[in-house]
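Chemist: Contents are mmCIF, C-alpha atoms; file name query.cif:
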```
data_model
#
loop_
_atom_site.group_PDB
_atom_site.id
_atom_site.type_symbol
_atom_site.label_atom_id
_atom_site.label_comp_id
_atom_site.auth_asym_id
_atom_site.auth_seq_id
_atom_site.Cartn_x
_atom_site.Cartn_y
_atom_site.Cartn_z
ATOM 1 C CA MET A 12 0.000 0.000 0.000
ATOM 2 C CA GLU A 13 1.309 3.425 -0.928
ATOM 3 C CA PRO A 14 2.359 5.659 2.004
ATOM 4 C CA GLY A 15 -0.329 8.161 2.827
ATOM 5 C CA ARG A 16 -2.905 6.504 0.557
ATOM 6 C CA GLY A 17 -5.266 5.785 3.447
ATOM 7 C CA HIS A 18 -4.962 9.391 4.602
ATOM 8 C CA ARG A 19 -5.781 10.677 1.113
ATOM 9 C CA GLU A 20 -8.815 8.411 0.856
ATOM 10 C CA ALA A 21 -10.054 9.551 4.263
ATOM 11 C CA ARG A 22 -9.511 13.167 3.242
ATOM 12 C CA ALA A 23 -11.389 12.629 -0.016
ATOM 13 C CA ALA A 24 -14.316 11.033 1.851
ATOM 14 C CA GLU A 25 -14.347 13.950 4.290
ATOM 15 C CA LEU A 26 -14.412 16.475 1.461
ATOM 16 C CA GLU A 27 -17.181 14.576 -0.318
ATOM 17 C CA GLU A 28 -19.267 14.512 2.860
ATOM 18 C CA LYS A 29 -18.674 18.233 3.330
ATOM 19 C CA ASP A 30 -19.651 18.934 -0.278
ATOM 20 C CA MET A 31 -22.893 16.978 0.174
ATOM 21 C CA TRP A 32 -23.720 18.960 3.307
ATOM 22 C CA GLU A 33 -22.982 22.247 1.525
ATOM 23 C CA TRP A 34 -25.138 21.092 -1.393
ATOM 24 C CA PHE A 35 -27.972 20.287 1.015
ATOM 25 C CA LYS A 36 -27.688 23.666 2.777
ATOM 26 C CA ALA A 37 -27.752 25.454 -0.570
ATOM 27 C CA GLY A 38 -31.394 24.433 -0.980
ATOM 28 C CA SER A 39 -32.412 26.251 2.211
ATOM 29 C CA TYR A 40 -34.984 24.891 4.673
ATOM 30 C CA TRP A 41 -37.235 23.548 1.893
ATOM 31 C CA MET A 42 -34.829 20.640 1.660
ATOM 32 C CA ILE A 43 -35.958 19.402 5.103
ATOM 33 C CA PRO A 44 -39.450 18.112 4.143
ATOM 34 C CA ILE A 45 -37.950 16.513 1.052
ATOM 35 C CA ALA A 46 -35.312 14.810 3.186
ATOM 36 C CA LEU A 47 -38.018 13.543 5.562
ATOM 37 C CA CYS A 48 -39.944 12.142 2.601
ATOM 38 C CA SER A 49 -36.803 10.387 1.386
ATOM 39 C CA VAL A 50 -36.307 8.716 4.789
ATOM 40 C CA PHE A 51 -39.890 7.428 4.896
ATOM 41 C CA ILE A 52 -39.763 6.315 1.260
ATOM 42 C CA LEU A 53 -36.538 4.391 1.801
ATOM 43 C CA GLY A 54 -37.904 2.745 4.944
ATOM 44 C CA ILE A 55 -41.146 1.683 3.257
ATOM 45 C CA VAL A 56 -39.344 0.367 0.166
ATOM 46 C CA ILE A 57 -36.973 -1.765 2.245
ATOM 47 C CA GLU A 58 -39.695 -3.098 4.577
ATOM 48 C CA ARG A 59 -42.162 -3.862 1.771
ATOM 49 C CA ALA A 60 -39.514 -5.467 -0.442
ATOM 50 C CA ILE A 61 -38.457 -7.812 2.357
ATOM 51 C CA TYR A 62 -42.061 -8.753 3.156
ATOM 52 C CA LEU A 63 -43.385 -9.117 -0.394
ATOM 53 C CA TYR A 64 -40.497 -11.080 -1.829
ATOM 54 C CA GLY A 65 -40.467 -13.242 1.299
ATOM 55 C CA ALA A 66 -44.202 -13.882 0.802
ATOM 56 C CA SER A 67 -43.762 -15.063 -2.782
ATOM 57 C CA ILE A 68 -44.117 -18.694 -3.810
ATOM 58 C CA ASN A 69 -44.072 -20.510 -7.133
ATOM 59 C CA ARG A 70 -47.807 -20.703 -7.761
ATOM 60 C CA ASP A 71 -47.669 -23.417 -10.419
ATOM 61 C CA VAL A 72 -45.478 -25.737 -8.351
ATOM 62 C CA PHE A 73 -47.640 -25.141 -5.272
ATOM 63 C CA LEU A 74 -50.885 -25.864 -7.118
ATOM 64 C CA ALA A 75 -49.411 -28.975 -8.730
ATOM 65 C CA THR A 76 -48.468 -30.253 -5.283
ATOM 66 C CA MET A 77 -51.917 -29.478 -3.886
ATOM 67 C CA GLN A 78 -53.568 -31.194 -6.847
ATOM 68 C CA LYS A 79 -51.477 -34.311 -6.354
ATOM 69 C CA CYS A 80 -52.360 -34.489 -2.651
ATOM 70 C CA ILE A 81 -56.082 -33.824 -3.183
ATOM 71 C CA LEU A 82 -56.379 -36.367 -5.996
ATOM 72 C CA ALA A 83 -54.714 -38.908 -3.714
ATOM 73 C CA GLY A 84 -57.075 -37.969 -0.887
ATOM 74 C CA ASP A 85 -54.116 -37.103 1.331
ATOM 75 C CA ILE A 86 -55.377 -33.874 2.867
ATOM 76 C CA PRO A 87 -53.165 -34.064 5.989
ATOM 77 C CA LYS A 88 -50.081 -34.041 3.762
ATOM 78 C CA ALA A 89 -51.428 -31.031 1.851
ATOM 79 C CA VAL A 90 -52.104 -29.202 5.121
ATOM 80 C CA LYS A 91 -48.623 -30.035 6.388
ATOM 81 C CA MET A 92 -47.021 -28.692 3.186
ATOM 82 C CA CYS A 93 -49.048 -25.472 3.455
ATOM 83 C CA SER A 94 -47.895 -25.063 7.037
ATOM 84 C CA ALA A 95 -44.274 -25.601 6.005
ATOM 85 C CA ALA A 96 -44.513 -23.002 3.208
ATOM 86 C CA ASN A 97 -45.882 -20.378 5.656
ATOM 87 C CA VAL A 98 -46.680 -17.709 3.046
ATOM 88 C CA PRO A 99 -50.019 -15.891 2.579
ATOM 89 C CA LEU A 100 -51.136 -18.087 -0.327
ATOM 90 C CA ALA A 101 -50.380 -21.283 1.589
ATOM 91 C CA ARG A 102 -52.089 -20.039 4.759
ATOM 92 C CA ILE A 103 -55.268 -19.187 2.836
ATOM 93 C CA VAL A 104 -55.364 -22.594 1.132
ATOM 94 C CA GLN A 105 -54.613 -24.283 4.448
ATOM 95 C CA ALA A 106 -57.587 -22.519 6.043
ATOM 96 C CA GLY A 107 -59.846 -24.164 3.459
ATOM 97 C CA LEU A 108 -58.219 -27.589 3.615
ATOM 98 C CA VAL A 109 -58.677 -27.936 7.367
ATOM 99 C CA LYS A 110 -62.413 -27.452 6.724
ATOM 100 C CA VAL A 111 -62.538 -29.970 3.886
ATOM 101 C CA ASN A 112 -64.848 -32.295 5.806
ATOM 102 C CA ARG A 113 -67.419 -29.490 5.983
ATOM 103 C CA PRO A 114 -69.806 -28.332 3.207
ATOM 104 C CA ASP A 115 -68.345 -26.518 0.232
ATOM 105 C CA ASP A 116 -69.665 -23.112 1.279
ATOM 106 C CA GLU A 117 -67.881 -23.443 4.634
ATOM 107 C CA VAL A 118 -64.626 -24.290 2.879
ATOM 108 C CA GLN A 119 -65.076 -21.198 0.711
ATOM 109 C CA ALA A 120 -65.922 -19.066 3.757
ATOM 110 C CA ALA A 121 -62.792 -20.264 5.573
ATOM 111 C CA MET A 122 -60.612 -19.274 2.610
ATOM 112 C CA ASP A 123 -62.356 -15.923 2.301
ATOM 113 C CA GLU A 124 -61.847 -15.199 5.987
ATOM 114 C CA ALA A 125 -58.147 -16.041 5.754
ATOM 115 C CA ALA A 126 -57.849 -13.862 2.626
ATOM 116 C CA LEU A 127 -59.384 -10.937 4.496
ATOM 117 C CA ARG A 128 -56.554 -11.240 7.026
ATOM 118 C CA GLU A 129 -53.716 -11.745 4.575
ATOM 119 C CA ILE A 130 -54.469 -9.381 1.679
ATOM 120 C CA PRO A 131 -54.421 -6.162 3.774
ATOM 121 C CA ARG A 132 -50.978 -7.172 5.039
ATOM 122 C CA ILE A 133 -49.787 -7.618 1.461
ATOM 123 C CA ALA A 134 -51.109 -4.223 0.348
ATOM 124 C CA ALA A 135 -50.100 -2.332 3.501
ATOM 125 C CA ARG A 136 -48.066 0.898 3.236
ATOM 126 C CA THR A 137 -47.215 0.599 -0.471
ATOM 127 C CA PRO A 138 -49.727 3.344 -1.470
ATOM 128 C CA TYR A 139 -47.887 5.763 0.834
ATOM 129 C CA LEU A 140 -44.981 5.732 -1.623
ATOM 130 C CA ALA A 141 -47.077 7.550 -4.220
ATOM 131 C CA LEU A 142 -48.266 10.048 -1.600
ATOM 132 C CA LEU A 143 -44.750 10.748 -0.317
ATOM 133 C CA SER A 144 -43.436 11.099 -3.874
ATOM 134 C CA ASN A 145 -46.093 13.704 -4.627
ATOM 135 C CA ILE A 146 -45.306 15.560 -1.398
ATOM 136 C CA SER A 147 -41.634 15.555 -2.364
ATOM 137 C CA MET A 148 -42.384 16.992 -5.815
ATOM 138 C CA LEU A 149 -44.719 19.647 -4.407
ATOM 139 C CA SER A 150 -42.165 20.601 -1.754
ATOM 140 C CA ALA A 151 -39.549 20.916 -4.492
ATOM 141 C CA LEU A 152 -41.897 23.088 -6.554
ATOM 142 C CA PHE A 153 -42.711 25.269 -3.558
ATOM 143 C CA GLY A 154 -39.029 25.627 -2.707
ATOM 144 C CA THR A 155 -38.276 26.501 -6.319
ATOM 145 C CA VAL A 156 -40.933 29.203 -6.415
ATOM 146 C CA MET A 157 -39.817 30.671 -3.079
ATOM 147 C CA GLY A 158 -36.188 30.688 -4.213
ATOM 148 C CA LEU A 159 -37.108 32.559 -7.388
ATOM 149 C CA ILE A 160 -39.233 35.041 -5.442
ATOM 150 C CA LYS A 161 -36.329 35.650 -3.080
ATOM 151 C CA SER A 162 -33.900 36.192 -5.947
ATOM 152 C CA PHE A 163 -36.129 38.650 -7.805
ATOM 153 C CA ASN A 164 -36.973 40.537 -4.623
ATOM 154 C CA SER A 165 -33.261 40.850 -3.912
ATOM 155 C CA VAL A 166 -32.392 42.396 -7.243
ATOM 156 C CA SER A 167 -35.463 44.641 -7.389
ATOM 157 C CA GLY A 168 -34.964 46.256 -3.997
ATOM 158 C CA GLU A 169 -33.900 49.872 -3.749
ATOM 159 C CA GLY A 170 -30.428 50.626 -2.601
ATOM 160 C CA ILE A 171 -28.986 47.377 -3.928
ATOM 161 C CA ASP A 172 -25.494 47.770 -5.320
ATOM 162 C CA PRO A 173 -25.732 46.962 -9.064
ATOM 163 C CA SER A 174 -22.532 44.953 -8.797
ATOM 164 C CA GLN A 175 -24.214 42.660 -6.259
ATOM 165 C CA LYS A 176 -27.438 42.074 -8.186
ATOM 166 C CA ALA A 177 -26.027 39.331 -10.388
ATOM 167 C CA ARG A 178 -24.644 37.492 -7.348
ATOM 168 C CA LEU A 179 -27.935 37.750 -5.446
ATOM 169 C CA LEU A 180 -29.895 36.590 -8.464
ATOM 170 C CA ALA A 181 -27.578 33.632 -8.976
ATOM 171 C CA PHE A 182 -27.821 32.727 -5.286
ATOM 172 C CA GLY A 183 -31.637 32.671 -5.342
ATOM 173 C CA ILE A 184 -31.784 30.652 -8.558
ATOM 174 C CA SER A 185 -29.218 28.203 -7.155
ATOM 175 C CA GLU A 186 -31.390 27.679 -4.065
ATOM 176 C CA ALA A 187 -34.411 27.048 -6.269
ATOM 177 C CA MET A 188 -32.589 24.556 -8.501
ATOM 178 C CA HIS A 189 -31.172 22.624 -5.547
ATOM 179 C CA CYS A 190 -34.706 22.114 -4.240
ATOM 180 C CA THR A 191 -35.900 21.063 -7.673
ATOM 181 C CA ALA A 192 -33.120 18.537 -8.188
ATOM 182 C CA PHE A 193 -33.413 16.964 -4.751
ATOM 183 C CA GLY A 194 -37.205 16.795 -4.823
ATOM 184 C CA LEU A 195 -37.312 15.244 -8.280
ATOM 185 C CA ALA A 196 -34.664 12.666 -7.369
ATOM 186 C CA VAL A 197 -36.608 11.583 -4.276
ATOM 187 C CA ALA A 198 -39.904 11.543 -6.188
ATOM 188 C CA VAL A 199 -38.488 9.432 -9.016
ATOM 189 C CA PHE A 200 -37.068 6.918 -6.545
ATOM 190 C CA GLY A 201 -40.382 6.763 -4.682
ATOM 191 C CA LEU A 202 -42.458 6.307 -7.837
ATOM 192 C CA VAL A 203 -40.177 3.598 -9.209
ATOM 193 C CA GLY A 204 -40.359 1.817 -5.851
ATOM 194 C CA PHE A 205 -44.141 2.179 -5.855
ATOM 195 C CA ALA A 206 -44.438 0.742 -9.368
ATOM 196 C CA ILE A 207 -42.264 -2.288 -8.589
ATOM 197 C CA LEU A 208 -43.822 -3.051 -5.209
ATOM 198 C CA ASN A 209 -47.361 -2.421 -6.421
ATOM 199 C CA GLY A 210 -46.758 -4.855 -9.266
ATOM 200 C CA GLN A 211 -45.501 -7.450 -6.806
ATOM 201 C CA THR A 212 -48.525 -6.826 -4.572
ATOM 202 C CA GLN A 213 -50.944 -7.234 -7.458
ATOM 203 C CA GLY A 214 -49.175 -10.405 -8.538
ATOM 204 C CA LEU A 215 -49.530 -11.934 -5.078
ATOM 205 C CA GLU A 216 -53.211 -11.006 -4.912
ATOM 206 C CA ASP A 217 -53.849 -12.533 -8.347
ATOM 207 C CA ASP A 218 -52.058 -15.728 -7.296
ATOM 208 C CA ILE A 219 -54.201 -15.921 -4.154
ATOM 209 C CA ASN A 220 -57.441 -15.449 -6.083
ATOM 210 C CA GLU A 221 -56.556 -18.029 -8.718
ATOM 211 C CA ALA A 222 -55.118 -20.605 -6.328
ATOM 212 C CA SER A 223 -58.012 -20.452 -3.864
ATOM 213 C CA VAL A 224 -60.551 -20.985 -6.658
ATOM 214 C CA ARG A 225 -58.585 -23.856 -8.196
ATOM 215 C CA VAL A 226 -58.097 -25.616 -4.863
ATOM 216 C CA LEU A 227 -61.773 -25.241 -4.015
ATOM 217 C CA ASN A 228 -62.752 -26.662 -7.409
ATOM 218 C CA LEU A 229 -60.391 -29.606 -6.861
ATOM 219 C CA VAL A 230 -61.945 -30.324 -3.477
ATOM 220 C CA VAL A 231 -65.495 -30.111 -4.862
ATOM 221 C CA ALA A 232 -64.705 -32.297 -7.872
ATOM 222 C CA ASN A 233 -62.903 -34.956 -5.840
ATOM 223 C CA ARG A 234 -65.092 -35.276 -2.761
ATOM 224 C CA GLN A 235 -65.120 -39.048 -2.998
ATOM 225 C CA LYS A 236 -61.318 -39.233 -3.001
ATOM 226 C CA VAL A 237 -60.827 -36.956 -0.009
ATOM 227 C CA ASN A 238 -60.217 -38.717 3.262
ATOM 228 C CA VAL A 239 -62.630 -36.600 5.344
ATOM 229 C CA ASN A 240 -61.749 -38.422 8.544
ATOM 230 C CA ALA A 241 -58.152 -37.205 8.262
ATOM 231 C CA ALA A 242 -58.935 -33.678 7.137
ATOM 232 C CA ALA A 243 -57.949 -31.939 10.355
ATOM 233 C CA PRO A 244 -54.210 -31.643 11.019
ATOM 234 C CA ALA A 245 -52.743 -33.545 13.946
#
```
Just give me the structure as structure tokens.

Modeler:
Amino acid sequence: MEPGRGHREARAAELEEKDMWEWFKAGSYWMIPIALCSVFILGIVIERAIYLYGASINRDVFLATMQKCILAGDIPKAVKMCSAANVPLARIVQAGLVKVNRPDDEVQAAMDEAALREIPRIAARTPYLALLSNISMLSALFGTVMGLIKSFNSVSGEGIDPSQKARLLAFGISEAMHCTAFGLAVAVFGLVGFAILNGQTQGLEDDINEASVRVLNLVVANRQKVNVNAAAPA
């Protein structure tokens, strides 16, 4: 390692951090609500991504497994596999399978009840990303307008040294553009996160709707093959 290389890298990091702080201060206090929006957006994106991608399951493989168990009349095995998967889709199907020795409408009601618990958890907080992105853009717009007002008021005031007018105008416009840039960056990140997570949410909900209907139809069509005495898990 070159002598002093670590010191130079530390110095460069320190200067970069200082430049970022100066850049933030240049946008005046309108940068604060945008920064708060960015913190909430980042937190929601991370939390929702972990939950949604952890709640995903290969729908086709899962349904093929359920079909095999139902056609064989081995409901306890199907229930055990749902319990092992421990994702929203599996929990909803499991709620219906443990009621398989009851009438069809009760099996459907059990799945619907489980879906009412699981679907709100899947869709939770994602819509706030769109709201926070809009707040960020509006804060940026407001900061931009206020920065321009400040700059024009500065140069139009009486007693202002003509040699200072250009500097004051540039300062106000710089403040406005810093707000614009920061607000748009946060809004774009939030909207992209919303689009990706909302797509994942919709995909999970579609899988739940399709899988619950297909499992119910399998149970109804294969009543004679289902071992009703072993329907409840041990």

Chemist: Give me, please, the distance in Å between atom CA of Val56 of chain A and atom CA of Gly204 of chain A, quoted to one decimal.

Modeler: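 Atom-to-atom, atom CA of Val56 of chain A and atom CA of Gly204 of chain A are spaced 6.3 Å apart.
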
Chemist: Name all residues at most 10 Å from segment 193-202 of chain A (count only C-alpha atoms; drop same-chain ones fewer than 5 positions away) and give them as number ranges by chain.

Modeler: A: 34-35, 38, 41-42, 44-46, 48-53, 55-56, 139-152, 154-155, 188, 207-208

Chemist: Using all atoms listed in the file for the distances, tell me which of A:Ser223, A:Asn233, A:Thr191, A:Asn228 is nearest to Ala106 of chain A.

Modeler: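 For Ala106 of chain A, the nearest of the given residues is A:Ser223.
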
Chemist: With only C-alpha atoms as the counted atoms, please give the residues lying no more than 12 Å from Ala75 of chain A, apart from itself and same-chain residues fewer than 5 positions off, as a list of chain:residue names.

Modeler: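 So the residues in contact are A:Asn69, A:Arg70, A:Cys80, A:Ile81, A:Leu82, A:Ala89, A:Ala222, A:Arg225, A:Val226, A:Leu229.
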
Chemist: Would you mind telling me which residue in A:Phe163, A:Arg234, A:Val224, A:Glu186 lies nearest to Met122 of chain A when using only C-alpha atoms?

Modeler: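 Looking only at the distances to Met122 of chain A, the closest residue turns out to be A:Val224.
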
Chemist: Report the distance between atom CA of Leu100 of chain A and atom CA of Asp85 of chain A in Å, rounded to one decimal place.

Modeler: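 Taking atom CA of Leu100 of chain A and atom CA of Asp85 of chain A, their separation equals 19.3 Å.
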
Chemist: One number please: atom CA of Val104 of chain A to atom CA of Leu63 of chain A, in Å, one decimal.

Modeler: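 Result for atom CA of Val104 of chain A versus atom CA of Leu63 of chain A: 18.1 Å, one decimal.
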
Chemist: Name the residues in contact with Ala120 of chain A at a cut-off of 8 Å, using only C-alpha atoms, excluding same-chain residues fewer than 4 positions from it; report them as a list in words.

Modeler: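 Near neighbours after the sequence-gap exclusion: Gly107, Asp116 and Glu124 of chain A.
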
Chemist: I'd like to know which of A:Leu74, A:Val111, A:Val118, A:Ala206 is closest to Cys93 of chain A, using all atoms listed in the file.

Modeler: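 Using all atoms listed in the file, Cys93 of chain A sits closest to A:Leu74.
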
Chemist: Can you turn the PyMOL selection byres ((chain A and resi 127-136) around 9) into a concrete residue list for this file, as an mmCIF file with C-alpha atoms, keeping the file's coordinate frame?

Modeler:
```
data_model
loop_
_atom_site.group_PDB
_atom_site.id
_atom_site.type_symbol
_atom_site.label_atom_id
_atom_site.label_comp_id
_atom_site.auth_asym_id
_atom_site.auth_seq_id
_atom_site.Cartn_x
_atom_site.Cartn_y
_atom_site.Cartn_z
ATOM 1 C CA ILE A 55 -41.146 1.683 3.257
ATOM 2 C CA ARG A 59 -42.162 -3.862 1.771
ATOM 3 C CA TYR A 62 -42.061 -8.753 3.156
ATOM 4 C CA LEU A 63 -43.385 -9.117 -0.394
ATOM 5 C CA ALA A 66 -44.202 -13.882 0.802
ATOM 6 C CA PRO A 99 -50.019 -15.891 2.579
ATOM 7 C CA LEU A 100 -51.136 -18.087 -0.327
ATOM 8 C CA ARG A 102 -52.089 -20.039 4.759
ATOM 9 C CA ILE A 103 -55.268 -19.187 2.836
ATOM 10 C CA MET A 122 -60.612 -19.274 2.610
ATOM 11 C CA ASP A 123 -62.356 -15.923 2.301
ATOM 12 C CA GLU A 124 -61.847 -15.199 5.987
ATOM 13 C CA ALA A 125 -58.147 -16.041 5.754
ATOM 14 C CA ALA A 126 -57.849 -13.862 2.626
ATOM 15 C CA THR A 137 -47.215 0.599 -0.471
ATOM 16 C CA PRO A 138 -49.727 3.344 -1.470
ATOM 17 C CA TYR A 139 -47.887 5.763 0.834
ATOM 18 C CA LEU A 140 -44.981 5.732 -1.623
ATOM 19 C CA ASN A 209 -47.361 -2.421 -6.421
ATOM 20 C CA THR A 212 -48.525 -6.826 -4.572
ATOM 21 C CA GLN A 213 -50.944 -7.234 -7.458
ATOM 22 C CA LEU A 215 -49.530 -11.934 -5.078
ATOM 23 C CA GLU A 216 -53.211 -11.006 -4.912
ATOM 24 C CA ILE A 219 -54.201 -15.921 -4.154
#
```

Chemist: Which is closest to Leu227 of chain A among A:Ala95, A:Leu159, A:Ser39, A:Leu108, if we use all atoms listed in the file?

Modeler: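 Looking only at the distances to Leu227 of chain A, the closest residue turns out to be A:Leu108.
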
Chemist: With all atoms listed in the file as the atoms that count, which of A:Gln78, A:Asn220, A:Leu180, A:Ile57 lies nearest to Phe205 of chain A?

Modeler: A:Ile57

Chemist: Name the residues captured by the PyMOL selection byres ((chain A and resi 90) around 8) when it is applied to the shown file; answer as a ChimeraX atom specification.

Modeler: /A:86-89,91-94,105,108-109,244

Chemist: With only C-alpha atoms as the atoms that count, which of A:Tyr40, A:Asp218, A:Ala232, A:Ile61 lies nearest to Gly158 of chain A?

Modeler: A:Tyr40

Chemist: What are the centre and edge lengths in Å, to one decimal, of the axis-aligned box around all listed atoms of segment 36-51 of chain A with 8 Å added on each side, as lines of an AutoDock Vina configuration file?

Modeler:
```
center_x = -33.8
center_y = 16.8
center_z = 2.3
size_x = 28.3
size_y = 34.8
size_z = 22.5
```
